[in-house]
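First comes the structure, then the notes that go with it.
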Amino acid sequence: MSEELYEQMKQSVIDGEVEDAERLAQEGLDAGLAAGDILDKGFVKGIEEVGDLFGKGEFFLPELVQGAEAMKAAVAVLQPAIDAAGGGRQSLGKAVAGTVAGDIHEIGKTIVCSMLSAAGFTVTDVGCDVPVETFVQKVKDENADLLLLSALLTTTMPNQQKTIEALKAAGLRDGVKVMIGGAPTTRAWADEIGADGYAEDAIEAVATAKTILGVG
Ligand code: B12
């Protein structure tokens, strides 16, 4: 029964059906499924398929955009449930998160933020296409323990490195751990640019955040 629902969720993203995605997300919650499972087993499978079809040239930009809209609509419905899972506990630490300059891919970063909040971190999401200076300022303003930098384009990955360099220049690097991620990034890239952590997905991001901050 839940397998069928997950399949419909996946299909709603492939078809770019915003209203179906919202309805199915709510149906999943009503059926007692965990928000994380709804994402991972349903909607994320859909957006992955959309990406594959786009990569193969079978989908074009309008379908990509529409799929992303459906995905975002589903995440919005699930957000309160994800937040509630982390409510009422003492914060594990302050995190600032965003997608680097030149890059407007925000779905994965938003999911990472949601999962971190659910796990008990206090997260400030600074959005996408974020200039290096904004990251530095936010780390300072929030007195952040952790900075999360997402990049989905090979062309914007260097902005993760530039942000780390800017933190050093501002004298803030020692006070904050930096974790990077996003589909084209790797552990090797994280090591190369001097990041403290790397994670392949949102679940691993939570575990890595706890490890590098020595909490939880
Ligand atoms: C949706 C999407 C879009 C949407 C984004 C909508 C939005 N508001 O976010 C739109 C339509 C706007 C878009 C635009 C473009 N896109 Co696009 N897009 C995608 C797509 C299909 C899915 C990305 C996604 O949301 N995945 C689902 C999430 C859940 O996964 P994720 O992002 O990887 O995140 C997970 C992990 O990576 C990790 N993670 C992510 N961030 C972080 C951060 C940290 C700190 C950590 C620890 C972990 C972590 O955890 C997440 C959750 O598990 C991918 C294909 C793909 N399979 O990745 C292409 C893709 C990324 N796009 C691509 C391209 C080329 C573009 C465009 C240049 C297209 C164009 N010609 O205009 C533009 C670029 C615009 C820009 N300047 O940024 C290419 C990139 C190629 C490359 N290697 O550089 C891809 C790979 C498609 C392809 N196969 O060619 N895109």
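Lettering and numbering for the structure tokens are positional, with chains as A, B, ... in the shown order, residues counted from 1 in each chain, and ligands counted from 1 in the shown order.
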Could you pull out the helix (DSSP H, G or I) residues of stretch 18-196 of chain A, going by DSSP on the backbone, and write them as a PyMOL selection string? chain A and resi 18-30+35-55+61-85+107-119+132-142+158-169+173-175+187-193
Residues just named, written with C-alpha atoms as a compact mmCIF listing (two decimals), in the first residue's frame:
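Written out: result_21.txt:
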# COMPACT_ATOMS: atom_id res chain seq x y z
CA VAL A 18 2.17 20.36 -8.28
CA GLU A 19 -1.31 19.71 -6.91
CA ASP A 20 -0.89 15.93 -7.03
CA ALA A 21 2.46 16.22 -5.24
CA GLU A 22 0.90 18.32 -2.46
CA ARG A 23 -2.06 15.97 -2.10
CA LEU A 24 0.13 12.85 -2.06
CA ALA A 25 2.50 14.35 0.53
CA GLN A 26 -0.51 15.00 2.77
CA GLU A 27 -1.89 11.51 2.11
CA GLY A 28 1.45 10.05 3.14
CA LEU A 29 1.42 11.97 6.41
CA ASP A 30 -2.21 11.02 7.03
CA ALA A 35 8.27 12.59 6.41
CA GLY A 36 11.84 11.41 5.77
CA ASP A 37 10.58 8.21 4.14
CA ILE A 38 8.06 10.12 2.06
CA LEU A 39 10.91 12.23 0.74
CA ASP A 40 13.50 9.50 0.20
CA LYS A 41 11.29 6.69 -1.08
CA GLY A 42 8.85 8.87 -3.02
CA PHE A 43 9.58 12.39 -4.15
CA VAL A 44 13.39 12.25 -4.28
CA LYS A 45 13.14 9.20 -6.57
CA GLY A 46 11.01 11.35 -8.86
CA ILE A 47 13.40 14.27 -9.09
CA GLU A 48 16.29 11.85 -9.66
CA GLU A 49 14.42 10.36 -12.58
CA VAL A 50 13.71 13.87 -13.93
CA GLY A 51 17.45 14.60 -13.72
CA ASP A 52 18.30 11.39 -15.58
CA LEU A 53 15.79 12.12 -18.32
CA PHE A 54 17.14 15.67 -18.62
CA GLY A 55 20.68 14.30 -18.77
CA LEU A 61 14.21 22.75 -19.25
CA PRO A 62 10.43 23.30 -18.89
CA GLU A 63 9.98 19.71 -17.63
CA LEU A 64 12.97 20.14 -15.30
CA VAL A 65 11.48 23.34 -13.86
CA GLN A 66 8.03 21.80 -13.51
CA GLY A 67 9.42 18.70 -11.78
CA ALA A 68 11.30 20.94 -9.37
CA GLU A 69 8.11 22.92 -8.65
CA ALA A 70 6.24 19.71 -7.77
CA MET A 71 9.15 18.61 -5.56
CA LYS A 72 9.23 21.98 -3.77
CA ALA A 73 5.46 21.88 -3.20
CA ALA A 74 5.78 18.45 -1.58
CA VAL A 75 8.65 19.59 0.65
CA ALA A 76 6.54 22.57 1.79
CA VAL A 77 3.71 20.25 2.87
CA LEU A 78 6.16 17.99 4.74
CA GLN A 79 8.09 20.84 6.40
CA PRO A 80 5.95 21.18 9.57
CA ALA A 81 6.17 17.43 10.21
CA ILE A 82 9.94 17.49 9.75
CA ASP A 83 10.27 20.50 12.06
CA ALA A 84 8.02 18.94 14.68
CA ALA A 85 10.30 15.91 14.88
CA ILE A 107 15.96 21.45 -3.09
CA GLY A 108 18.77 19.29 -1.70
CA LYS A 109 20.06 22.07 0.53
CA THR A 110 16.55 22.66 1.89
CA ILE A 111 16.17 18.95 2.67
CA VAL A 112 19.53 18.95 4.47
CA CYS A 113 18.35 21.98 6.50
CA SER A 114 15.09 20.21 7.36
CA MET A 115 16.86 17.05 8.48
CA LEU A 116 19.34 19.00 10.60
CA SER A 117 16.49 20.94 12.24
CA ALA A 118 14.68 17.67 12.87
CA ALA A 119 17.82 16.27 14.49
CA VAL A 132 30.67 34.64 -0.40
CA GLU A 133 30.39 37.85 1.69
CA THR A 134 26.87 36.92 2.83
CA PHE A 135 28.06 33.55 4.13
CA VAL A 136 30.90 35.23 6.02
CA GLN A 137 28.58 37.86 7.51
CA LYS A 138 25.98 35.27 8.56
CA VAL A 139 28.59 33.06 10.23
CA LYS A 140 29.70 36.12 12.19
CA ASP A 141 26.19 37.39 13.03
CA GLU A 142 24.91 33.97 14.11
CA PRO A 158 34.89 26.61 -6.76
CA ASN A 159 32.68 29.00 -4.79
CA GLN A 160 32.73 26.52 -1.91
CA GLN A 161 36.51 26.89 -1.86
CA LYS A 162 36.28 30.69 -2.17
CA THR A 163 33.94 30.79 0.82
CA ILE A 164 36.37 28.80 2.96
CA GLU A 165 39.19 31.13 1.89
CA ALA A 166 37.05 34.17 2.77
CA LEU A 167 36.33 32.75 6.23
CA LYS A 168 40.08 32.42 6.77
CA ALA A 169 40.67 35.99 5.58
CA ARG A 173 37.74 29.83 10.11
CA ASP A 174 38.89 28.43 13.46
CA GLY A 175 35.51 29.06 15.08
CA ARG A 187 34.99 13.66 -0.33
CA ALA A 188 38.19 14.21 -2.30
CA TRP A 189 37.01 17.72 -3.25
CA ALA A 190 36.12 18.42 0.37
CA ASP A 191 39.64 17.38 1.43
CA GLU A 192 41.22 19.41 -1.36
CA ILE A 193 39.52 22.64 -0.33
As a PyMOL selection string, list the residues of stretch 10-203 of chain A assigned to strand (DSSP E or B) by DSSP on the backbone atoms of this structure. chain A and resi 94-100+122-125+130+146-150+177-181+197-198
Residue subset to file, keeping N, CA and C atoms, as a PDB file, in the first residue's frame:
ATOM      1  N   LYS A  94      24.522  25.754  16.288  1.00  0.00           N
ATOM      2  CA  LYS A  94      23.960  26.691  15.312  1.00  0.00           C
ATOM      3  C   LYS A  94      24.583  26.456  13.945  1.00  0.00           C
ATOM      4  N   ALA A  95      23.715  26.281  12.950  1.00  0.00           N
ATOM      5  CA  ALA A  95      24.216  26.052  11.591  1.00  0.00           C
ATOM      6  C   ALA A  95      23.691  27.126  10.652  1.00  0.00           C
ATOM      7  N   VAL A  96      24.550  27.515   9.705  1.00  0.00           N
ATOM      8  CA  VAL A  96      24.146  28.410   8.616  1.00  0.00           C
ATOM      9  C   VAL A  96      24.302  27.598   7.341  1.00  0.00           C
ATOM     10  N   ALA A  97      23.289  27.657   6.463  1.00  0.00           N
ATOM     11  CA  ALA A  97      23.348  26.831   5.258  1.00  0.00           C
ATOM     12  C   ALA A  97      22.866  27.591   4.044  1.00  0.00           C
ATOM     13  N   GLY A  98      23.484  27.303   2.901  1.00  0.00           N
ATOM     14  CA  GLY A  98      23.030  27.921   1.662  1.00  0.00           C
ATOM     15  C   GLY A  98      23.679  27.279   0.453  1.00  0.00           C
ATOM     16  N   THR A  99      23.155  27.638  -0.707  1.00  0.00           N
ATOM     17  CA  THR A  99      23.753  27.207  -1.972  1.00  0.00           C
ATOM     18  C   THR A  99      24.639  28.346  -2.474  1.00  0.00           C
ATOM     19  N   VAL A 100      25.814  27.983  -2.962  1.00  0.00           N
ATOM     20  CA  VAL A 100      26.818  28.999  -3.296  1.00  0.00           C
ATOM     21  C   VAL A 100      26.425  29.893  -4.479  1.00  0.00           C
ATOM     22  N   THR A 122      19.932  24.229  15.304  1.00  0.00           N
ATOM     23  CA  THR A 122      19.257  25.479  14.978  1.00  0.00           C
ATOM     24  C   THR A 122      19.823  25.932  13.629  1.00  0.00           C
ATOM     25  N   VAL A 123      18.974  25.979  12.619  1.00  0.00           N
ATOM     26  CA  VAL A 123      19.486  26.207  11.268  1.00  0.00           C
ATOM     27  C   VAL A 123      19.003  27.533  10.690  1.00  0.00           C
ATOM     28  N   THR A 124      19.943  28.331  10.197  1.00  0.00           N
ATOM     29  CA  THR A 124      19.583  29.533   9.444  1.00  0.00           C
ATOM     30  C   THR A 124      19.843  29.240   7.975  1.00  0.00           C
ATOM     31  N   ASP A 125      18.770  29.191   7.192  1.00  0.00           N
ATOM     32  CA  ASP A 125      18.886  28.906   5.760  1.00  0.00           C
ATOM     33  C   ASP A 125      18.978  30.237   5.018  1.00  0.00           C
ATOM     34  N   VAL A 130      24.057  32.430  -3.082  1.00  0.00           N
ATOM     35  CA  VAL A 130      24.490  33.263  -1.950  1.00  0.00           C
ATOM     36  C   VAL A 130      25.934  33.746  -2.147  1.00  0.00           C
ATOM     37  N   LEU A 146      28.576  25.735  12.602  1.00  0.00           N
ATOM     38  CA  LEU A 146      28.677  24.923  11.394  1.00  0.00           C
ATOM     39  C   LEU A 146      28.184  25.710  10.185  1.00  0.00           C
ATOM     40  N   LEU A 147      28.946  25.638   9.089  1.00  0.00           N
ATOM     41  CA  LEU A 147      28.514  26.263   7.831  1.00  0.00           C
ATOM     42  C   LEU A 147      28.363  25.162   6.792  1.00  0.00           C
ATOM     43  N   LEU A 148      27.193  25.134   6.126  1.00  0.00           N
ATOM     44  CA  LEU A 148      26.927  24.116   5.106  1.00  0.00           C
ATOM     45  C   LEU A 148      26.851  24.772   3.741  1.00  0.00           C
ATOM     46  N   LEU A 149      27.674  24.295   2.834  1.00  0.00           N
ATOM     47  CA  LEU A 149      27.731  24.895   1.496  1.00  0.00           C
ATOM     48  C   LEU A 149      27.321  23.870   0.453  1.00  0.00           C
ATOM     49  N   SER A 150      26.261  24.186  -0.274  1.00  0.00           N
ATOM     50  CA  SER A 150      25.776  23.274  -1.310  1.00  0.00           C
ATOM     51  C   SER A 150      26.150  23.798  -2.684  1.00  0.00           C
ATOM     52  N   LYS A 177      32.993  24.999  11.810  1.00  0.00           N
ATOM     53  CA  LYS A 177      33.260  23.822  10.981  1.00  0.00           C
ATOM     54  C   LYS A 177      32.524  24.003   9.652  1.00  0.00           C
ATOM     55  N   VAL A 178      33.140  23.572   8.586  1.00  0.00           N
ATOM     56  CA  VAL A 178      32.511  23.713   7.270  1.00  0.00           C
ATOM     57  C   VAL A 178      32.237  22.340   6.671  1.00  0.00           C
ATOM     58  N   MET A 179      30.995  22.156   6.252  1.00  0.00           N
ATOM     59  CA  MET A 179      30.627  20.901   5.593  1.00  0.00           C
ATOM     60  C   MET A 179      30.117  21.226   4.194  1.00  0.00           C
ATOM     61  N   ILE A 180      30.555  20.454   3.216  1.00  0.00           N
ATOM     62  CA  ILE A 180      30.084  20.705   1.857  1.00  0.00           C
ATOM     63  C   ILE A 180      29.301  19.515   1.319  1.00  0.00           C
ATOM     64  N   GLY A 181      28.530  19.767   0.262  1.00  0.00           N
ATOM     65  CA  GLY A 181      27.772  18.700  -0.377  1.00  0.00           C
ATOM     66  C   GLY A 181      27.147  19.180  -1.667  1.00  0.00           C
ATOM     67  N   GLY A 197      33.977  18.534   6.606  1.00  0.00           N
ATOM     68  CA  GLY A 197      33.095  17.396   6.422  1.00  0.00           C
ATOM     69  C   GLY A 197      32.463  17.385   5.052  1.00  0.00           C
ATOM     70  N   TYR A 198      32.020  16.185   4.661  1.00  0.00           N
ATOM     71  CA  TYR A 198      31.326  15.992   3.394  1.00  0.00           C
ATOM     72  C   TYR A 198      30.255  14.940   3.626  1.00  0.00           C
TER      73      TYR A 198
END
Identify which of the residues A:Thr186, A:Ser91, A:Asn143, A:Ser2 lies closest to ligand 1, counting only C-alpha atoms and all ligand atoms when measuring atom-to-atom distances. A:Thr186
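Atom 42 (C, counted along the ligand's line) of ligand 1 to atom CA of A:Gly32 spans 27.3 Å [interatomic distance, one decimal].
The closest residue to ligand 1, picked from A:Val126, A:Ala34, A:Ala209, A:Leu172 and counting only C-alpha atoms and all ligand atoms, is A:Ala209.
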Work out how far apart atom 49 (C, counted along the ligand's line) of ligand 1 and atom CA of A:Val206 are and give it in Å to one decimal. 10.3 Å
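Across the structure, atom CA of A:Lys56 and atom CA of A:Met9 are spaced 22.1 Å apart.
Shortest separation to A:Pro131 among A:Val215, A:Met157, A:Ala101, A:Ala151 occurs at residue A:Ala101, atoms counted being only C-alpha atoms.
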